[in-house]
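Asks: Let me give you the structure first, and then I'll get to my questions.
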Amino acid sequence: MKSALIRIFLSSSLFAGVAFAQNSDLAILLGAAGPISSTVSNGMVSDLFGVSLQLNYAAQLHETKAGQLYLELPLMLAAQVKSTVGNGVSDSVKDSIFFTPGVRWRFTPQKRVSFYAAAGAGIGSFGTTISFVGHNVVSTNIGRTTTAAFGFGGGIDFRLTRLLSLRAEGRDFVTRSGLGGSEGRNHSFFMAGVGFHF
């Protein structure tokens, strides 16, 4: 009797998990975390390059005729590298990590096209590594600051098949000012990638 109850419990859990997963998606998005530039000033050459990656899992909580409500878990990773050559060589690497769980509202005006808006709160973590070589000096400074963050944004999802879509979105993370190389409170990202629906 015990083994039969265990089998029934495991089977129902498995089917419940499959049913829940039917309304889930996983997005992988790439974008620019800052300007890509090269400047020459006073005999110094500086190069700046930034990238971002977002992994976002979402599970549907509720559906109406107007749209669907999702719980989403967005993880954003970004890095910006600045190299300066002049009176020595200086490298500055700034990385940002944001995790702001929240909700997403999606509506579908056409069969293959969906629009969505999202908002959530969590943490933002900013790291800086500065290395300098020159004038018989080699130095490295490393620091990290973690703070509360609020994230919001929106995007468009174009369904290619039942299981795959193309996605583009803009997202902004708000923290206290002066973190991650930003003078203000906002850290904005524009990304594109794919969504896997299961």
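Chain lettering (A, B, ...) mirrors the order of the structure tokens, residue numbering begins at 1 for each chain separately, and ligand numbering begins at 1 in order of display.
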Tell me which protein, DNA and RNA residues are within 8 Å of Arg171 of chain A, counting only C-alpha atoms, leaving out same-chain ones fewer than 3 positions away, and put them as a PyMOL selection string.

Replies: chain A and resi 151-154+188-190

Asks: Find the spatial neighbours of Asp157 of chain A, counting only C-alpha atoms, within a cut-off of 9 Å - ignore same-chain residues fewer than 3 positions away - and output them as a list in words.

Replies: Arg112, Val113, Ser114, Phe115, Tyr116, Ser165, Leu166, Arg167, Ala168, Glu169, Val194 and Gly195 of chain A

Asks: Could you pull the residues within 6 Å of segment 68-81 of chain A, counting only C-alpha atoms, minus those fewer than 5 positions along the same chain, as an MDAnalysis selection string?

Replies: chainID A and resid 48:63 92:99 101:106

Asks: As a ChimeraX atom specification, please: every residue in chain A that DSSP puts in alpha helix (DSSP H).

Replies: /A:2-21

Asks: Please extract the residues of segment 76-193 of chain A with a backbone DSSP assignment of strand (DSSP E) and present them as a PyMOL selection string.

Replies: chain A and resi 76-86+88-99+102-107+113-134+137-159+164-174+186-193

Asks: What gap, in Å, lies between atom CA of Gly31 of chain A and atom CA of Gly170 of chain A?

Replies: 9.7 Å

Asks: I need the residue nearest Phe132 of chain A from this list: A:Asn87, A:Thr146, A:Ser177, A:Ala27. Use only C-alpha atoms for the distance.

Replies: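 Nearest to Phe132 of chain A: A:Asn87.
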